[in-house]
Amino acid sequence: MTVPSADALNVVIATDCGSTTTKAILIERVDGVYRQTFRGEAPTTVERPFEDVTRGVLNAIAEVEELSGRRILDGERFITPARAGEGVDIFISTSSAGGGLQMMVAGAVKGMTAESAQRCALGAGAIVMDVMATNDGRMGHEKIERIRQLRPDMILLSGGTDGGTVTHVVELAEYIAAADPRPRLGTGFDLPVIFAGNRDARGRIQEILGPRTALTITDNLRPVLEREALGPARHRIHDLFLEHVMAQAPGYGKLMGWTGAPIMPTPMAVGDIMQTIARQRGINLIGVDIGGATTDVFSVFGGVFNRSVSANLGMSYSVSNVLAEAGLENVLRWVPFDIEEADLRNRIKNKMIRPTTIPQTLDELQIEQALCREALRLALDQHRSLATGLKGVQQERSIADAFEQTGTGRSLIDLAELDLIVGSGGVLSHAPLRSQSMLMMIDAYQPVGLTALSVDSIFMMPHLGVLASIHERAATEVFERDCMIYLGSCLAPSGPEGRARPGERVGAFEVRLPGGRVERGDMALGEVRLLSLASGEEAEVSFVPTRRFDAGAGRGERFNSRATGGVVGLVLDARGRPLLLPEERGERVRRLAEWNRALGLYPRAAGT
């Protein structure tokens, strides 16, 4: 299937082949604007007994046909081009079926080139199984054994600036050669290895790995210490994903023959639409997809894209890991009622052993949303540690010092500069009330100043990411009109500077709402207010903080901006940054109940 011209693209069918479910959406040009019109889904069929991913794709598309009344398929052939009542102009797809793209990365120094390799692989949509470096503390035989055990889909090897040291990256190549790893899929094929390191080492790398692996050489990730060049290696990862990994997975050869654009790994497609929106609007954003087993965080700050995968933080299969990493006290601090610790542990473990269940009572829902806050917080902490400036730059040091260059890169994540938070995943997208989704993200991320918040309605960001690669306007129009549900905005002053005083005055606000209505008032420390501001509306917001607080213009300085509305509205959050929760349990439960009432989180809960 060929890519039609932009003018000729009127009907698109897109699928996302997930690990359990294949989702199909129909996008049509209606009155000159692209809209998502119908959707269908079916179980993914990459494993036994079917072992053919196209069966699930055809089943999902058949549901779209039934709902829309449009005939899309003639047997297993797509009807093209689109015409009245039948056919499509293009079929596109993403995939994370069969575990997605699983990679191992290696670099000479853990905090420098190995970290650059990790950022490169994550940005290409991979799950990074391990990061190997000369100074990672493991003996040579341990590294060799680890490579053999993992059986990744491919390995990315980096190390050394151009013209710099060759020894360390050659040592890593020798470990890979000694392990003689076999790929996870297609055991009769050689494992793809990408070398993106010191160009002076290319000859030695070819000698060592060329005979044993499917070696590809591309531009150095860190040609000089002060600059990362991740693009060429990311493109090679995507190409090899199609040529080696997807080609060996059951049914993907046929699927690739149907699509009019290359199949993308699902996380890569989500990252692409995030970057597209950030670039078009000129904003900084954070996106999160919280699933049952993993949590993906995406960010674009100052035009720099980063992605991280918290493989042990999720809401069902990994929910016990959330409890273990966060600690019982941190989960309990968000539960707005008294509960015994043993009871809480049992409820969480029940969720882990019955991962497909959903909350049946209000107590269960509130516990799940408390866990969500901690999973989001922990995932953002992990993302901050990866989304950093380059380490070891502009510093006088010997090679011995370079091995100690950990923690020298400053995180790019600055919540005071954050413009938009995008939430996705069942616990956020399908919360009973949108206000619950909004407060979960506010509590977890604690944005500073004025920040807009939204959720993905039905997780169509992967479809839109691959669509953006062929028709950016179509992808962004559907993103704005059908994908994103805008919740509203949050204005949150940071502070107080020094010890907090309960009930201390934070500042005065003035909000000029549509229709000429004006809301004014004072805010005290620990207070939350919700003002009505509908989707598509804007309000002029002014906040004058006291000298110990900063609303975005400096401590004690007046902050003026325009807030966008949503299905929840405008939240004025004077709980302090970092957010201040009472230590005494009874007082904490009382304050949580107050905040829940202020936002109407649980309207049927007696006494809350």
# chains A, B, ... in the order shown; residues from 1 in each chain; ligands from 1
$ residues_around --residues "Pro183 of chain A" --least-positions-apart "3" --cutoff "12 Å" --atoms "only C-alpha atoms" --output "PyMOL selection string"
chain A and resi 101-104+147-155+179-180+186-193+213-214+244-245+248-249
$ write_last_selection --atoms "C-alpha atoms" --output "CSV table (one decimal), in the first residue's frame"
chain,number,residue,atom,x,y,z
A,101,LEU,CA,11.3,-4.2,21.4
A,102,GLN,CA,13.6,-5.5,24.0
A,103,MET,CA,17.2,-4.2,24.0
A,104,MET,CA,20.4,-4.2,25.9
A,147,ILE,CA,24.1,-11.2,28.0
A,148,ARG,CA,23.5,-15.0,27.4
A,149,GLN,CA,20.6,-15.0,29.9
A,150,LEU,CA,18.8,-11.9,28.6
A,151,ARG,CA,18.5,-12.8,24.9
A,152,PRO,CA,17.6,-9.3,23.8
A,153,ASP,CA,16.2,-8.4,20.3
A,154,MET,CA,19.3,-6.3,19.7
A,155,ILE,CA,22.2,-4.6,21.4
A,179,ALA,CA,28.6,-14.5,25.0
A,180,ASP,CA,27.6,-15.3,21.4
A,186,GLY,CA,14.2,-16.2,15.0
A,187,THR,CA,16.9,-18.3,16.7
A,188,GLY,CA,18.5,-19.2,13.4
A,189,PHE,CA,19.4,-15.6,12.7
A,190,ASP,CA,22.3,-13.5,14.0
A,191,LEU,CA,21.6,-11.0,16.7
A,192,PRO,CA,21.5,-7.4,15.4
A,193,VAL,CA,24.2,-5.2,17.1
A,213,THR,CA,26.5,-10.8,14.8
A,214,ALA,CA,24.4,-8.8,12.3
A,244,HIS,CA,15.1,-8.4,12.0
A,245,VAL,CA,12.7,-8.3,15.0
A,248,GLN,CA,10.7,-13.0,12.8
A,249,ALA,CA,7.5,-12.4,14.8
$ select_by_dssp --residues "segment 248-489 of chain A" --states "helix (DSSP H, G or I)" --output "VMD selection string"
chain A and resid 248 252 to 258 266 to 281 319 to 326 328 to 332 341 to 353 362 to 386 399 to 402 415 to 417 426 to 429 434 to 445 461 to 468 472 to 483
$ residues_around --residues "Asn560 of chain A" --least-positions-apart "4" --cutoff "8 Å" --atoms "only C-alpha atoms" --output "ChimeraX atom specification"
/A:540-543
$ write_last_selection --atoms "C-alpha atoms" --output "PDB file, in the first residue's frame"
ATOM      1  CA  GLU A 540      -7.331  35.897  33.121  1.00  0.00           C
ATOM      2  CA  VAL A 541      -5.626  34.828  36.327  1.00  0.00           C
ATOM      3  CA  SER A 542      -3.772  37.057  38.762  1.00  0.00           C
ATOM      4  CA  PHE A 543      -2.157  35.869  41.998  1.00  0.00           C
TER       5      PHE A 543
END
$ atom_distance --atom1 "atom CA of Glu41 of chain A" --atom2 "atom CA of Asp16 of chain A"
9.4 Å
$ residues_around --residues "Arg333 of chain A" --least-positions-apart "2" --cutoff "8 Å" --atoms "only C-alpha atoms" --output "list of chain:residue names"
A:Glu329, A:Asn330, A:Val331, A:Val335, A:Pro336, A:Leu581, A:Arg585, A:Arg588
$ write_last_selection --atoms "C-alpha atoms" --output "compact mmCIF listing (two decimals), in the first residue's frame"
# COMPACT_ATOMS: atom_id res chain seq x y z
CA GLU A 329 3.40 5.06 55.02
CA ASN A 330 3.61 6.85 51.67
CA VAL A 331 0.63 4.89 50.32
CA VAL A 335 -6.03 7.03 51.86
CA PRO A 336 -8.85 9.27 53.17
CA LEU A 581 0.38 16.59 54.48
CA ARG A 585 -3.27 10.32 60.90
CA ARG A 588 -4.42 13.93 57.64
$ residues_around --residues "Ile79 of chain A" --least-positions-apart "4" --cutoff "12 Å" --atoms "only C-alpha atoms" --output "list in words"
Met1, Val11, Val12, Ile13, Arg70, Arg71, Ile72, Leu73, Asp74, Gly75, Arg83, Ala84, Gly85, Glu86, Gly87, Val88, Asp89, Ile90, Phe91 and Trp258 of chain A
$ write_last_selection --atoms "C-alpha atoms" --output "compact mmCIF listing (two decimals), in the first residue's frame"
# COMPACT_ATOMS: atom_id res chain seq x y z
CA MET A 1 0.00 0.00 0.00
CA VAL A 11 -9.99 7.86 5.25
CA VAL A 12 -7.35 6.13 7.44
CA ILE A 13 -7.57 2.84 9.32
CA ARG A 70 -18.05 0.97 5.79
CA ARG A 71 -16.62 -1.98 3.88
CA ILE A 72 -12.84 -1.86 4.41
CA LEU A 73 -11.68 -5.39 3.56
CA ASP A 74 -12.27 -7.72 0.67
CA GLY A 75 -11.16 -10.94 2.34
CA ARG A 83 -14.87 5.99 -1.99
CA ALA A 84 -18.47 6.42 -0.89
CA GLY A 85 -19.27 3.78 1.73
CA GLU A 86 -16.19 1.63 1.30
CA GLY A 87 -12.41 1.48 1.27
CA VAL A 88 -9.60 3.41 2.94
CA ASP A 89 -6.74 5.47 1.59
CA ILE A 90 -4.10 3.93 3.86
CA PHE A 91 -3.59 1.37 6.63
CA TRP A 258 -0.32 -4.39 4.22
$ atom_distance --atom1 "atom CA of Ile413 of chain A" --atom2 "atom CA of Met274 of chain A"
15.4 Å
$ atom_distance --atom1 "atom CA of Asp239 of chain A" --atom2 "atom CA of Leu225 of chain A"
26.8 Å
$ closest_residue --among "A:Pro232, A:Gly125, A:Gly586, A:Gly56" --to "Leu255 of chain A" --atoms "only C-alpha atoms"
A:Gly56
$ closest_residue --among "A:Glu583, A:Asp363, A:Asp482, A:Glu417" --to "Ala553 of chain A" --atoms "only C-alpha atoms"
A:Glu417
$ closest_residue --among "A:Thr356, A:Thr94, A:Ser5, A:Thr22" --to "Ala62 of chain A" --atoms "only C-alpha atoms"
A:Thr22
$ closest_residue --among "A:Arg373, A:His471, A:Lys349, A:His430" --to "Trp334 of chain A" --atoms "only C-alpha atoms"
A:Arg373
$ closest_residue --among "A:Ser116, A:Ser454, A:Asn306, A:Ser316" --to "Thr294 of chain A" --atoms "only C-alpha atoms"
A:Ser316
$ residues_around --residues "Asn198 of chain A" --least-positions-apart "3" --cutoff "12 Å" --atoms "only C-alpha atoms" --output "PyMOL selection string"
chain A and resi 107-108+113+157-170+195+201-205+217-225
$ write_last_selection --atoms "C-alpha atoms" --output "mmCIF file, in the first residue's frame"
data_model
loop_
_atom_site.group_PDB
_atom_site.id
_atom_site.type_symbol
_atom_site.label_atom_id
_atom_site.label_comp_id
_atom_site.auth_asym_id
_atom_site.auth_seq_id
_atom_site.Cartn_x
_atom_site.Cartn_y
_atom_site.Cartn_z
ATOM 1 C CA GLY A 107 28.764 2.124 26.931
ATOM 2 C CA ALA A 108 32.274 2.772 28.170
ATOM 3 C CA THR A 113 28.114 7.086 27.111
ATOM 4 C CA LEU A 157 27.059 -0.527 21.766
ATOM 5 C CA SER A 158 28.539 2.934 22.319
ATOM 6 C CA GLY A 159 31.632 4.362 23.904
ATOM 7 C CA GLY A 160 34.377 6.906 23.425
ATOM 8 C CA THR A 161 34.248 10.280 21.745
ATOM 9 C CA ASP A 162 35.534 10.391 18.171
ATOM 10 C CA GLY A 163 39.321 10.260 18.320
ATOM 11 C CA GLY A 164 39.266 9.253 21.998
ATOM 12 C CA THR A 165 39.909 5.979 23.785
ATOM 13 C CA VAL A 166 39.362 2.685 21.962
ATOM 14 C CA THR A 167 40.254 0.218 24.717
ATOM 15 C CA HIS A 168 37.047 0.281 26.734
ATOM 16 C CA VAL A 169 34.592 -0.107 23.873
ATOM 17 C CA VAL A 170 36.690 -2.923 22.399
ATOM 18 C CA PHE A 195 27.822 0.212 17.018
ATOM 19 C CA ALA A 201 37.263 1.802 16.948
ATOM 20 C CA ARG A 202 35.145 0.737 13.954
ATOM 21 C CA GLY A 203 37.815 -1.514 12.454
ATOM 22 C CA ARG A 204 38.363 -3.443 15.675
ATOM 23 C CA ILE A 205 34.613 -3.707 16.317
ATOM 24 C CA ILE A 217 27.790 0.761 12.227
ATOM 25 C CA THR A 218 26.344 4.258 12.522
ATOM 26 C CA ASP A 219 27.334 7.721 13.754
ATOM 27 C CA ASN A 220 28.707 8.144 17.267
ATOM 28 C CA LEU A 221 26.146 8.943 20.006
ATOM 29 C CA ARG A 222 28.697 11.251 21.691
ATOM 30 C CA PRO A 223 30.993 12.509 18.926
ATOM 31 C CA VAL A 224 32.283 15.071 21.424
ATOM 32 C CA LEU A 225 31.727 15.141 25.175
#
